[in-house]
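**Student:** Below is the file structure23.tsv, which contains TSV, C-alpha atoms and all ligand atoms.
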chain	number	residue	atom	x	y	z
A	1	MET	CA	-148.80	57.11	-15.38
A	2	THR	CA	-151.06	60.12	-15.70
A	3	VAL	CA	-154.65	59.61	-16.80
A	4	GLU	CA	-156.40	62.54	-18.39
A	5	LEU	CA	-160.15	62.70	-18.84
A	6	VAL	CA	-161.09	65.21	-21.51
A	7	GLU	CA	-164.69	66.44	-21.79
A	8	LEU	CA	-166.21	62.96	-21.54
A	9	VAL	CA	-169.86	62.62	-22.51
A	10	LYS	CA	-171.98	59.45	-22.33
A	11	VAL	CA	-175.66	59.28	-23.17
A	12	TYR	CA	-177.95	56.29	-22.52
A	13	GLY	CA	-181.31	56.76	-24.25
A	14	ASN	CA	-182.26	60.30	-23.33
A	15	LYS	CA	-180.15	60.40	-20.14
A	16	ARG	CA	-176.85	62.28	-20.24
A	17	VAL	CA	-175.06	60.20	-17.64
A	18	LEU	CA	-171.74	61.99	-18.18
A	19	ASP	CA	-171.96	65.57	-19.32
A	20	GLY	CA	-168.43	66.80	-19.81
A	21	VAL	CA	-166.14	65.19	-17.25
A	22	SER	CA	-162.58	66.52	-17.28
A	23	GLU	CA	-159.65	66.06	-14.92
A	24	LYS	CA	-155.99	65.14	-14.94
A	25	ILE	CA	-155.12	62.31	-12.56
A	26	GLU	CA	-151.49	62.46	-11.56
A	27	SER	CA	-149.03	59.61	-11.59
A	28	GLY	CA	-149.04	57.73	-8.27
A	29	GLU	CA	-152.22	59.42	-7.11
A	30	PHE	CA	-155.01	57.74	-5.15
A	31	PHE	CA	-157.95	59.36	-6.89
A	32	VAL	CA	-161.44	58.58	-5.61
A	33	ILE	CA	-164.63	59.18	-7.59
A	34	LEU	CA	-167.49	59.65	-5.15
A	35	GLY	CA	-171.19	59.99	-5.81
A	36	PRO	CA	-174.57	58.54	-4.94
A	37	SER	CA	-175.90	55.49	-6.73
A	38	GLY	CA	-176.79	55.99	-10.37
A	39	GLU	CA	-174.65	59.11	-10.99
A	40	GLY	CA	-172.49	57.33	-13.57
A	41	LYS	CA	-169.42	56.33	-11.55
A	42	SER	CA	-169.24	52.81	-12.98
A	43	THR	CA	-169.89	54.13	-16.47
A	44	LEU	CA	-166.94	56.49	-16.12
A	45	LEU	CA	-164.71	53.69	-14.88
A	46	LYS	CA	-165.78	51.41	-17.74
A	47	ILE	CA	-164.88	54.15	-20.19
A	48	MET	CA	-161.45	54.39	-18.58
A	49	ALA	CA	-161.12	50.61	-18.85
A	50	GLY	CA	-162.17	50.53	-22.50
A	51	ILE	CA	-165.27	48.41	-21.85
A	52	GLU	CA	-167.54	51.31	-22.84
A	53	LYS	CA	-166.94	53.99	-25.45
A	54	PRO	CA	-167.69	57.63	-24.71
A	55	ASP	CA	-170.02	59.50	-27.09
A	56	LYS	CA	-167.61	62.41	-26.93
A	57	GLY	CA	-164.30	63.17	-25.29
A	58	LYS	CA	-160.98	61.44	-24.82
A	59	ILE	CA	-158.88	59.39	-22.42
A	60	ILE	CA	-155.20	60.25	-22.54
A	61	VAL	CA	-152.73	58.00	-20.71
A	62	ASP	CA	-149.24	59.42	-20.37
A	63	GLY	CA	-149.86	61.68	-23.32
A	64	VAL	CA	-151.23	58.91	-25.58
A	65	ASP	CA	-154.84	58.93	-26.73
A	66	VAL	CA	-156.25	55.48	-25.78
A	67	THR	CA	-159.94	56.33	-26.29
A	68	ASN	CA	-160.41	53.77	-29.06
A	69	ARG	CA	-158.23	51.04	-27.60
A	70	PRO	CA	-159.88	47.89	-26.23
A	71	PRO	CA	-159.14	46.92	-22.58
A	72	GLU	CA	-156.49	44.35	-23.49
A	73	LYS	CA	-154.46	47.04	-25.29
A	74	ARG	CA	-154.51	49.46	-22.35
A	75	ASN	CA	-152.46	47.59	-19.76
A	76	VAL	CA	-155.00	48.48	-17.12
A	77	ALA	CA	-155.86	46.53	-13.96
A	78	MET	CA	-159.50	46.27	-13.00
A	79	VAL	CA	-161.02	45.11	-9.73
A	80	PHE	CA	-164.77	45.18	-9.67
A	81	GLN	CA	-167.32	44.65	-6.95
A	82	ASN	CA	-168.24	41.23	-8.23
A	83	TYR	CA	-164.81	39.87	-8.97
A	84	ALA	CA	-164.94	36.40	-10.47
A	85	LEU	CA	-162.19	34.02	-9.48
A	86	TYR	CA	-161.82	30.67	-11.24
A	87	PRO	CA	-163.36	28.36	-8.63
A	88	ASN	CA	-161.67	25.13	-9.69
A	89	MET	CA	-158.17	26.65	-9.49
A	90	THR	CA	-155.82	27.31	-6.61
A	91	VAL	CA	-155.00	30.83	-5.43
A	92	ARG	CA	-151.62	30.54	-7.19
A	93	ASP	CA	-153.17	29.57	-10.53
A	94	ASN	CA	-155.74	32.32	-10.30
A	95	ILE	CA	-153.06	34.95	-9.80
A	96	ALA	CA	-150.82	33.41	-12.46
A	97	PHE	CA	-153.59	33.23	-15.06
A	98	PRO	CA	-153.10	36.64	-16.74
A	99	LEU	CA	-149.34	36.01	-16.97
A	100	LYS	CA	-149.87	32.57	-18.52
A	101	MET	CA	-152.20	34.15	-21.08
A	102	LYS	CA	-149.38	36.53	-21.98
A	103	GLY	CA	-147.08	33.52	-22.45
A	104	GLU	CA	-144.59	34.46	-19.75
A	105	LYS	CA	-141.98	31.91	-18.63
A	106	LYS	CA	-142.80	29.57	-15.75
A	107	GLU	CA	-139.98	30.76	-13.53
A	108	GLU	CA	-140.88	34.43	-14.06
A	109	ILE	CA	-144.52	33.71	-13.30
A	110	ARG	CA	-143.58	31.95	-10.10
A	111	GLU	CA	-141.46	34.86	-8.95
A	112	LYS	CA	-144.07	37.48	-9.74
A	113	VAL	CA	-146.90	35.53	-8.11
A	114	GLU	CA	-144.90	35.05	-4.91
A	115	LYS	CA	-143.93	38.70	-4.77
A	116	VAL	CA	-147.48	39.95	-5.17
A	117	ALA	CA	-148.77	37.34	-2.70
A	118	GLY	CA	-146.26	38.66	-0.15
A	119	LEU	CA	-147.44	42.20	-0.76
A	120	LEU	CA	-151.04	41.19	-0.08
A	121	GLY	CA	-150.28	38.84	2.82
A	122	ILE	CA	-151.62	35.70	1.12
A	123	SER	CA	-148.39	33.70	0.72
A	124	GLU	CA	-149.64	31.03	3.14
A	125	ILE	CA	-152.71	30.18	1.11
A	126	LEU	CA	-151.22	30.06	-2.40
A	127	ASP	CA	-151.90	26.36	-2.82
A	128	LYS	CA	-155.45	26.36	-1.52
A	129	LYS	CA	-158.49	26.21	-3.75
A	130	VAL	CA	-160.19	29.61	-3.88
A	131	THR	CA	-163.44	28.02	-2.72
A	132	LYS	CA	-161.72	27.06	0.54
A	133	ILE	CA	-160.68	30.58	1.63
A	134	SER	CA	-162.62	33.42	3.27
A	135	GLY	CA	-164.36	36.28	1.45
A	136	GLY	CA	-161.69	38.73	2.57
A	137	GLN	CA	-158.96	36.45	1.27
A	138	GLN	CA	-160.80	36.04	-2.03
A	139	GLN	CA	-160.90	39.81	-2.31
A	140	ARG	CA	-157.12	39.94	-1.94
A	141	VAL	CA	-156.65	37.22	-4.54
A	142	ALA	CA	-158.74	39.29	-6.95
A	143	ILE	CA	-156.57	42.34	-6.24
A	144	ALA	CA	-153.40	40.24	-6.58
A	145	ARG	CA	-154.55	38.89	-9.93
A	146	ALA	CA	-155.25	42.41	-11.16
A	147	ILE	CA	-151.92	43.90	-10.10
A	148	VAL	CA	-149.58	41.02	-10.99
A	149	ARG	CA	-149.21	42.25	-14.58
A	150	ASN	CA	-147.66	45.51	-13.43
A	151	PRO	CA	-150.28	47.64	-15.16
A	152	SER	CA	-150.10	51.34	-16.05
A	153	TYR	CA	-153.07	52.27	-13.91
A	154	TYR	CA	-155.58	50.60	-11.63
A	155	LEU	CA	-159.35	50.88	-11.71
A	156	LEU	CA	-161.27	49.76	-8.64
A	157	ASP	CA	-165.07	49.77	-8.49
A	158	GLU	CA	-166.23	49.43	-4.87
A	159	PRO	CA	-163.84	46.50	-4.38
A	160	LEU	CA	-164.41	46.33	-0.62
A	161	SER	CA	-168.18	46.32	-0.63
A	162	ASN	CA	-168.47	42.57	-0.03
A	163	LEU	CA	-166.61	42.82	3.27
A	164	ASP	CA	-168.17	43.44	6.66
A	165	ALA	CA	-167.64	46.84	8.32
A	166	ARG	CA	-164.61	45.91	10.40
A	167	MET	CA	-162.85	44.02	7.62
A	168	ARG	CA	-163.42	46.96	5.35
A	169	THR	CA	-161.58	49.33	7.65
A	170	VAL	CA	-158.62	46.95	7.78
A	171	ALA	CA	-158.71	46.36	4.03
A	172	ARG	CA	-158.75	50.12	3.36
A	173	GLY	CA	-155.52	50.57	5.29
A	174	GLU	CA	-153.94	47.70	3.39
A	175	LEU	CA	-155.06	48.99	0.04
A	176	LYS	CA	-153.53	52.37	0.79
A	177	ARG	CA	-150.27	50.68	1.77
A	178	ILE	CA	-150.23	48.57	-1.40
A	179	GLN	CA	-150.86	51.63	-3.52
A	180	LYS	CA	-147.94	53.45	-1.91
A	181	GLU	CA	-145.64	50.45	-2.37
A	182	LEU	CA	-146.59	50.03	-6.01
A	183	ARG	CA	-146.50	53.82	-6.55
A	184	GLY	CA	-149.53	53.10	-8.71
A	185	THR	CA	-152.13	55.46	-10.12
A	186	PHE	CA	-155.28	54.20	-8.40
A	187	ILE	CA	-158.71	55.32	-9.57
A	188	TYR	CA	-161.29	54.14	-7.10
A	189	VAL	CA	-165.06	54.43	-7.24
A	190	THR	CA	-167.33	54.48	-4.20
A	191	HIS	CA	-170.62	55.89	-2.94
A	192	ASP	CA	-169.28	55.79	0.64
A	193	GLN	CA	-168.02	59.23	1.60
A	194	LYS	CA	-166.14	57.95	4.63
A	195	GLU	CA	-164.25	55.51	2.48
A	196	ALA	CA	-163.49	58.27	-0.02
A	197	LEU	CA	-162.22	60.70	2.63
A	198	SER	CA	-160.03	58.09	4.29
A	199	LEU	CA	-158.44	56.68	1.12
A	200	ALA	CA	-158.05	59.54	-1.30
A	201	ASP	CA	-155.28	61.93	-2.12
A	202	ARG	CA	-158.03	63.77	-4.01
A	203	VAL	CA	-161.77	63.14	-4.19
A	204	ALA	CA	-163.89	63.96	-7.23
A	205	VAL	CA	-167.58	64.34	-6.46
A	206	LEU	CA	-169.66	63.22	-9.43
A	207	HIS	CA	-173.07	64.88	-9.62
A	208	ALA	CA	-175.39	65.62	-12.53
A	209	GLY	CA	-172.89	64.31	-15.06
A	210	LYS	CA	-169.97	66.46	-13.93
A	211	PHE	CA	-167.25	66.61	-11.32
A	212	GLU	CA	-168.87	69.14	-9.02
A	213	GLN	CA	-165.72	69.43	-6.92
A	214	VAL	CA	-162.25	67.87	-7.03
A	215	SER	CA	-160.33	68.47	-3.79
A	216	LYS	CA	-158.20	67.01	-1.07
A	217	PRO	CA	-160.43	65.31	1.54
A	218	LYS	CA	-160.02	67.98	4.20
A	219	GLU	CA	-160.76	70.80	1.83
A	220	LEU	CA	-163.82	68.98	0.52
A	221	TYR	CA	-165.13	68.65	4.06
A	222	ASP	CA	-164.19	72.13	5.24
A	223	TYR	CA	-164.88	74.11	2.08
A	224	PRO	CA	-167.54	72.34	0.01
A	225	ARG	CA	-167.97	74.38	-3.15
A	226	THR	CA	-171.70	73.85	-3.39
A	227	LYS	CA	-174.58	73.24	-1.02
A	228	TRP	CA	-175.12	69.88	-2.65
A	229	VAL	CA	-171.58	68.76	-1.77
A	230	ALA	CA	-171.91	70.24	1.74
A	231	GLU	CA	-174.99	68.12	2.35
A	232	PHE	CA	-173.61	64.98	0.74
A	233	ILE	CA	-170.32	64.93	2.70
A	234	GLY	CA	-170.32	64.27	6.44
A	235	ASP	CA	-172.05	61.88	8.85
A	236	PHE	CA	-174.76	64.50	9.01
A	237	PRO	CA	-175.29	67.11	6.29
A	238	MET	CA	-174.02	70.63	6.85
A	239	ASN	CA	-176.66	72.85	8.53
A	240	PHE	CA	-178.08	75.72	6.49
A	241	ILE	CA	-179.95	78.73	7.82
A	242	PRO	CA	-180.66	82.15	6.30
A	243	GLY	CA	-177.85	84.62	7.02
A	244	GLU	CA	-180.24	87.15	8.54
A	245	VAL	CA	-181.04	84.75	11.40
A	246	LEU	CA	-177.44	85.27	12.57
A	247	GLY	CA	-177.34	88.91	11.55
A	248	GLU	CA	-175.10	88.15	8.58
A	249	ASP	CA	-175.55	89.94	5.29
A	250	VAL	CA	-175.54	86.81	3.15
A	251	GLU	CA	-178.20	84.52	1.71
A	252	GLU	CA	-177.26	81.40	3.65
A	253	ILE	CA	-174.94	80.31	6.42
A	254	GLY	CA	-173.62	76.74	6.50
A	255	PHE	CA	-172.04	75.09	9.54
A	256	ARG	CA	-171.17	71.53	10.41
A	257	PRO	CA	-172.66	69.91	13.54
A	258	GLU	CA	-169.27	70.05	15.29
A	259	TRP	CA	-168.58	73.70	14.46
A	260	VAL	CA	-170.36	74.74	17.64
A	261	SER	CA	-169.73	75.21	21.31
A	262	VAL	CA	-172.58	73.88	23.40
A	263	GLY	CA	-173.63	75.28	26.81
A	264	LYS	CA	-172.65	78.88	26.11
A	265	GLY	CA	-173.43	81.62	23.62
A	266	ASN	CA	-176.62	83.40	22.73
A	267	LEU	CA	-178.28	80.94	20.37
A	268	VAL	CA	-180.98	78.69	21.76
A	269	CYS	CA	-182.52	75.57	20.30
A	270	SER	CA	-184.76	72.78	21.52
A	271	VAL	CA	-183.82	69.13	21.18
A	272	GLU	CA	-186.19	67.04	19.06
A	273	ALA	CA	-184.15	63.83	18.81
A	274	VAL	CA	-180.80	62.47	19.94
A	275	GLU	CA	-178.48	60.16	18.07
A	276	ALA	CA	-175.53	58.77	20.01
A	277	VAL	CA	-172.31	58.01	18.11
A	278	GLY	CA	-169.47	56.70	20.28
A	279	ASP	CA	-168.89	59.23	23.08
A	280	SER	CA	-170.75	62.05	21.39
A	281	ARG	CA	-174.34	62.88	20.66
A	282	TYR	CA	-175.88	64.45	17.64
A	283	LEU	CA	-178.70	66.66	18.87
A	284	ILE	CA	-181.34	67.16	16.24
A	285	CYS	CA	-182.83	70.52	17.18
A	286	VAL	CA	-185.07	73.35	16.11
A	287	MET	CA	-183.81	76.92	16.27
A	288	LYS	CA	-186.12	79.80	15.37
A	289	GLY	CA	-188.09	77.43	13.18
A	290	TYR	CA	-185.03	75.99	11.40
A	291	GLY	CA	-183.82	72.42	11.83
A	292	VAL	CA	-180.16	72.17	12.92
A	293	THR	CA	-178.04	69.25	14.06
A	294	ILE	CA	-175.32	69.94	16.61
A	295	LEU	CA	-172.70	67.71	18.15
A	296	SER	CA	-172.39	67.62	21.93
A	297	ASP	CA	-170.23	65.74	24.45
A	298	GLU	CA	-172.76	66.46	27.17
A	299	TYR	CA	-175.89	64.46	27.73
A	300	TYR	CA	-179.10	66.15	26.64
A	301	ASP	CA	-182.57	64.74	26.19
A	302	VAL	CA	-185.52	65.33	23.93
A	303	GLY	CA	-187.33	68.52	24.99
A	304	ASP	CA	-184.24	70.19	26.51
A	305	GLU	CA	-183.52	73.79	25.62
A	306	ILE	CA	-179.84	74.36	25.02
A	307	LYS	CA	-177.58	77.33	24.53
A	308	PHE	CA	-174.86	77.24	21.92
A	309	GLU	CA	-172.66	79.34	19.70
A	310	ILE	CA	-171.37	78.72	16.20
A	311	THR	CA	-167.57	78.70	16.17
A	312	GLN	CA	-167.10	78.73	12.39
A	313	PHE	CA	-169.34	78.88	9.37
A	314	ARG	CA	-169.32	79.29	5.59
A	315	LYS	CA	-171.31	81.74	3.50
A	316	PHE	CA	-173.37	80.52	0.55
A	317	LYS	CA	-175.20	82.28	-2.24
A	318	ASN	CA	-177.33	80.62	-4.92
A	319	GLY	CA	-176.20	77.22	-3.64
A	320	MET	CA	-172.50	78.10	-4.07
A	321	LEU	CA	-169.76	78.77	-1.54
A	322	LYS	CA	-169.06	82.49	-1.35
A	323	GLU	CA	-165.47	83.29	-0.56
B	1	LIG	N1	-175.63	49.84	-20.56
B	1	LIG	C1	-176.51	50.73	-20.12
B	1	LIG	N2	-177.62	51.02	-20.84
B	1	LIG	C2	-178.52	51.93	-20.42
B	1	LIG	N3	-178.41	52.63	-19.26
B	1	LIG	C3	-177.34	52.39	-18.50
B	1	LIG	C4	-176.34	51.43	-18.86
B	1	LIG	N4	-175.39	51.41	-17.92
B	1	LIG	C5	-175.77	52.31	-16.98
B	1	LIG	N5	-176.94	52.89	-17.32
B	1	LIG	C6	-177.64	53.94	-16.56
B	1	LIG	O1	-176.74	55.01	-16.36
B	1	LIG	C7	-176.84	55.55	-15.06
B	1	LIG	C8	-175.51	55.48	-14.35
B	1	LIG	O2	-175.16	54.13	-14.07
B	1	LIG	P1	-173.82	53.72	-13.32
B	1	LIG	O3	-173.85	52.25	-13.09
B	1	LIG	O4	-172.66	54.27	-14.07
B	1	LIG	O5	-173.99	54.52	-11.96
B	1	LIG	P2	-173.18	54.38	-10.60
B	1	LIG	O6	-172.95	55.77	-10.13
B	1	LIG	O7	-171.98	53.54	-10.81
B	1	LIG	O8	-174.20	53.68	-9.66
B	1	LIG	P3	-173.98	52.48	-8.60
B	1	LIG	O9	-173.19	53.08	-7.47
B	1	LIG	O10	-175.38	52.14	-8.24
B	1	LIG	O11	-173.25	51.40	-9.33
B	1	LIG	C9	-177.95	54.77	-14.37
B	1	LIG	O12	-179.13	55.50	-14.48
B	1	LIG	C10	-178.02	53.49	-15.17
B	1	LIG	O13	-179.31	52.97	-15.12
Would you mind writing the structure in this file as structure tokens?
Ligand SMILES: Nc1ncnc2c1ncn2[C@@H]1O[C@H](COP(=O)(O)OP(=O)(O)OP(=O)(O)O)[C@@H](O)[C@H]1O

**Tutor:**
Amino acid sequence: MTVELVELVKVYGNKRVLDGVSEKIESGEFFVILGPSGEGKSTLLKIMAGIEKPDKGKIIVDGVDVTNRPPEKRNVAMVFQNYALYPNMTVRDNIAFPLKMKGEKKEEIREKVEKVAGLLGISEILDKKVTKISGGQQQRVAIARAIVRNPSYYLLDEPLSNLDARMRTVARGELKRIQKELRGTFIYVTHDQKEALSLADRVAVLHAGKFEQVSKPKELYDYPRTKWVAEFIGDFPMNFIPGEVLGEDVEEIGFRPEWVSVGKGNLVCSVEAVEAVGDSRYLICVMKGYGVTILSDEYYDVGDEIKFEITQFRKFKNGMLKE
């Protein structure tokens, strides 16, 4: 199902949390909404769910205006950060619950629950109480319960945030697989840019009440449309220096820490701090009075002077990519 956001506006008190958000989310797309805390991601998701009403704008699902429909009339699956399972029930009964509420037949329920449990790899624990399974398993039960109704679209609000770092990486891969198998339209909210880049078909960066950029992950990383996006995406922000420092006739030059070749070239900087990540080192340096971070495979120490050249860069003017 396609989900169309049309000029959505939401105001709380005197704060315009959403200030005209528009985008068409395609059927079967894994669409990630990314932004720092407090930018209105959850508000946007709640509007899509029908829990909150927009002050202006519309939500169109497969051509039908659902803006004024309550959640139960939208056939939408929701998985939130603080999913609540029914603690006194088994895994099976938790997953079956929404189907029972709909009055489906016992045999049908059984079939559907077993199918979705297989998809999520929790068939073995169906008859355990949810209080007797791990956090990661509980997370899957919550996802299973949300998807068992075969909804039109899926809304996920940081559903992996309760897992530890390693489990999260595994769970991401699984979620992507499930989405492909279901051919579902997944709309996923996170503040974690790594998560966004690894999961999404397209990422929408929410900033100042608008989608500042909607792009495929690689394009978002390589061609950020604004300086704000360039600094928000990446383990380290993109470096910015005035164009004239490099002899370029443009206001600012932006380059990522890895868009350099260290040990050659005619630029020189001095190392102020070193941050090791795996096999590589981020060298936090000063060049002609400007702070730059560059990635190096070689070992350098604080105080070293190093030569480098920039292998690719982007031009920016007034905070916008100039192309
Ligand atoms: N019901 C409400 N009443 C008043 N203000 C609200 C309400 N819900 C959210 N806000 C405010 O709207 C802004 C956006 O909140 P929202 O939860 O949507 O952000 P978020 O991007 O999801 O952040 P986080 O990642 O921290 O959850 C915040 O400033 C928040 O305080």

**Student:** List as a ChimeraX atom specification the residues having at least one atom at most 9 Å from position (-156.9, 29.4, -7.9) as given in the file, counting all atoms listed in the file.

**Tutor:** /A:85-97,126-131,141

**Student:** Please produce a file of the residues just selected, as an mmCIF file, in the coordinates of the input, where the atoms kept are C-alpha atoms.

**Tutor:**
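New file part19.cif:
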data_model
loop_
_atom_site.group_PDB
_atom_site.id
_atom_site.type_symbol
_atom_site.label_atom_id
_atom_site.label_comp_id
_atom_site.auth_asym_id
_atom_site.auth_seq_id
_atom_site.Cartn_x
_atom_site.Cartn_y
_atom_site.Cartn_z
ATOM 1 C CA LEU A 85 -162.190 34.020 -9.480
ATOM 2 C CA TYR A 86 -161.820 30.670 -11.240
ATOM 3 C CA PRO A 87 -163.360 28.360 -8.630
ATOM 4 C CA ASN A 88 -161.670 25.130 -9.690
ATOM 5 C CA MET A 89 -158.170 26.650 -9.490
ATOM 6 C CA THR A 90 -155.820 27.310 -6.610
ATOM 7 C CA VAL A 91 -155.000 30.830 -5.430
ATOM 8 C CA ARG A 92 -151.620 30.540 -7.190
ATOM 9 C CA ASP A 93 -153.170 29.570 -10.530
ATOM 10 C CA ASN A 94 -155.740 32.320 -10.300
ATOM 11 C CA ILE A 95 -153.060 34.950 -9.800
ATOM 12 C CA ALA A 96 -150.820 33.410 -12.460
ATOM 13 C CA PHE A 97 -153.590 33.230 -15.060
ATOM 14 C CA LEU A 126 -151.220 30.060 -2.400
ATOM 15 C CA ASP A 127 -151.900 26.360 -2.820
ATOM 16 C CA LYS A 128 -155.450 26.360 -1.520
ATOM 17 C CA LYS A 129 -158.490 26.210 -3.750
ATOM 18 C CA VAL A 130 -160.190 29.610 -3.880
ATOM 19 C CA THR A 131 -163.440 28.020 -2.720
ATOM 20 C CA VAL A 141 -156.650 37.220 -4.540
#

**Student:** Using all atoms listed in the file, find the one residue out of A:Gly254, A:Gly289, A:Pro242, A:Gly209 that sits nearest to Tyr223 in chain A.

**Tutor:**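 Counting all atoms listed in the file, the residue closest to Tyr223 in chain A is A:Gly254.
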
**Student:** Between A:Thr311, A:Gln139, A:Ser161, A:Ser22, single out the one closest to ligand LIG 1 (chain B), counting all atoms listed in the file.

**Tutor:** A:Ser161

**Student:** At most 12 Å is the cut-off: for each residue in chain A with any atom that close to an atom of ligand LIG 1 (chain B), write down the nearest atom pair and the distance in Å rounded to one decimal, counting only C-alpha atoms and all ligand atoms, chain first then increasing number, as JSON lines.

**Tutor:**
{"residue": "A:Val9", "atom": "CA", "partner": "B:LIG1", "partner_atom": "O1", "distance": 12.0}
{"residue": "A:Lys10", "atom": "CA", "partner": "B:LIG1", "partner_atom": "O1", "distance": 8.8}
{"residue": "A:Val11", "atom": "CA", "partner": "B:LIG1", "partner_atom": "O1", "distance": 8.1}
{"residue": "A:Tyr12", "atom": "CA", "partner": "B:LIG1", "partner_atom": "C2", "distance": 4.9}
{"residue": "A:Gly13", "atom": "CA", "partner": "B:LIG1", "partner_atom": "C2", "distance": 6.8}
{"residue": "A:Asn14", "atom": "CA", "partner": "B:LIG1", "partner_atom": "N3", "distance": 9.5}
{"residue": "A:Lys15", "atom": "CA", "partner": "B:LIG1", "partner_atom": "O1", "distance": 7.4}
{"residue": "A:Arg16", "atom": "CA", "partner": "B:LIG1", "partner_atom": "O1", "distance": 8.2}
{"residue": "A:Val17", "atom": "CA", "partner": "B:LIG1", "partner_atom": "O1", "distance": 5.6}
{"residue": "A:Leu18", "atom": "CA", "partner": "B:LIG1", "partner_atom": "C8", "distance": 8.4}
{"residue": "A:Asp19", "atom": "CA", "partner": "B:LIG1", "partner_atom": "C8", "distance": 11.8}
{"residue": "A:Ile33", "atom": "CA", "partner": "B:LIG1", "partner_atom": "O6", "distance": 9.3}
{"residue": "A:Leu34", "atom": "CA", "partner": "B:LIG1", "partner_atom": "O6", "distance": 8.3}
{"residue": "A:Gly35", "atom": "CA", "partner": "B:LIG1", "partner_atom": "O6", "distance": 6.3}
{"residue": "A:Pro36", "atom": "CA", "partner": "B:LIG1", "partner_atom": "O6", "distance": 6.1}
{"residue": "A:Ser37", "atom": "CA", "partner": "B:LIG1", "partner_atom": "O9", "distance": 3.7}
{"residue": "A:Gly38", "atom": "CA", "partner": "B:LIG1", "partner_atom": "O5", "distance": 3.5}
{"residue": "A:Glu39", "atom": "CA", "partner": "B:LIG1", "partner_atom": "O6", "distance": 3.8}
{"residue": "A:Gly40", "atom": "CA", "partner": "B:LIG1", "partner_atom": "O4", "distance": 3.1}
{"residue": "A:Lys41", "atom": "CA", "partner": "B:LIG1", "partner_atom": "O6", "distance": 3.8}
{"residue": "A:Ser42", "atom": "CA", "partner": "B:LIG1", "partner_atom": "O7", "distance": 3.6}
{"residue": "A:Thr43", "atom": "CA", "partner": "B:LIG1", "partner_atom": "O4", "distance": 3.7}
{"residue": "A:Leu44", "atom": "CA", "partner": "B:LIG1", "partner_atom": "O4", "distance": 6.5}
{"residue": "A:Leu45", "atom": "CA", "partner": "B:LIG1", "partner_atom": "O4", "distance": 8.0}
{"residue": "A:Lys46", "atom": "CA", "partner": "B:LIG1", "partner_atom": "O4", "distance": 8.3}
{"residue": "A:Ile47", "atom": "CA", "partner": "B:LIG1", "partner_atom": "O4", "distance": 9.9}
{"residue": "A:Ile51", "atom": "CA", "partner": "B:LIG1", "partner_atom": "N1", "distance": 10.5}
{"residue": "A:Glu52", "atom": "CA", "partner": "B:LIG1", "partner_atom": "N1", "distance": 8.5}
{"residue": "A:Lys53", "atom": "CA", "partner": "B:LIG1", "partner_atom": "N1", "distance": 10.8}
{"residue": "A:Pro54", "atom": "CA", "partner": "B:LIG1", "partner_atom": "N1", "distance": 11.9}
{"residue": "A:Phe80", "atom": "CA", "partner": "B:LIG1", "partner_atom": "O11", "distance": 10.5}
{"residue": "A:Gln81", "atom": "CA", "partner": "B:LIG1", "partner_atom": "O11", "distance": 9.3}
{"residue": "A:Asn82", "atom": "CA", "partner": "B:LIG1", "partner_atom": "O11", "distance": 11.4}
{"residue": "A:Leu156", "atom": "CA", "partner": "B:LIG1", "partner_atom": "O7", "distance": 11.6}
{"residue": "A:Asp157", "atom": "CA", "partner": "B:LIG1", "partner_atom": "O7", "distance": 8.2}
{"residue": "A:Glu158", "atom": "CA", "partner": "B:LIG1", "partner_atom": "O9", "distance": 8.3}
{"residue": "A:Pro159", "atom": "CA", "partner": "B:LIG1", "partner_atom": "O11", "distance": 11.7}
{"residue": "A:Ser161", "atom": "CA", "partner": "B:LIG1", "partner_atom": "O9", "distance": 10.8}
{"residue": "A:Tyr188", "atom": "CA", "partner": "B:LIG1", "partner_atom": "O7", "distance": 11.3}
{"residue": "A:Val189", "atom": "CA", "partner": "B:LIG1", "partner_atom": "O7", "distance": 7.8}
{"residue": "A:Thr190", "atom": "CA", "partner": "B:LIG1", "partner_atom": "O9", "distance": 6.9}
{"residue": "A:His191", "atom": "CA", "partner": "B:LIG1", "partner_atom": "O9", "distance": 5.9}
{"residue": "A:Asp192", "atom": "CA", "partner": "B:LIG1", "partner_atom": "O9", "distance": 9.4}
{"residue": "A:Val205", "atom": "CA", "partner": "B:LIG1", "partner_atom": "O6", "distance": 10.8}
{"residue": "A:Leu206", "atom": "CA", "partner": "B:LIG1", "partner_atom": "O6", "distance": 8.2}
{"residue": "A:His207", "atom": "CA", "partner": "B:LIG1", "partner_atom": "O6", "distance": 9.1}
{"residue": "A:Ala208", "atom": "CA", "partner": "B:LIG1", "partner_atom": "C8", "distance": 10.3}
{"residue": "A:Gly209", "atom": "CA", "partner": "B:LIG1", "partner_atom": "C8", "distance": 9.2}
{"residue": "A:Lys210", "atom": "CA", "partner": "B:LIG1", "partner_atom": "O6", "distance": 11.7}

**Student:** To one decimal place, how far is CA of Val21 in chain A from CA of Ser215 in chain A in Å?

**Tutor:**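 About the pair CA of Val21 in chain A and CA of Ser215 in chain A: they are 15.0 Å apart.
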
**Student:** Contacts of Gly63 in chain A at 9 Å or less, counting all atoms listed in the file, minus same-chain residues fewer than 6 places along, as a list in words?

**Tutor:** Thr2, Val3 and Glu4 of chain A

**Student:** Which residues come within 12 Å of Tyr221 in chain A, counting all atoms listed in the file, excluding same-chain residues fewer than 4 positions away, as a ChimeraX atom specification?

**Tutor:** /A:193-194,196-198,202-203,205,213-217,225-227,229-238,254-256,314

**Student:** Restricting the calculation to all atoms listed in the file, which member of A:Ile147, A:Val76, A:Ala204, A:Met320 is positioned closest to Glu23 in chain A?

**Tutor:**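 Looking only at the distances to Glu23 in chain A, the closest residue turns out to be A:Ala204.
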
**Student:** Determine, counting only C-alpha atoms, which protein, DNA and RNA residues have an atom within 7 Å of an atom of range 294-308 of chain A; residues of the same chain fewer than 3 positions away are not included. Present the result as a PyMOL selection string.

**Tutor:** chain A and resi 257-258+260-274+279-284
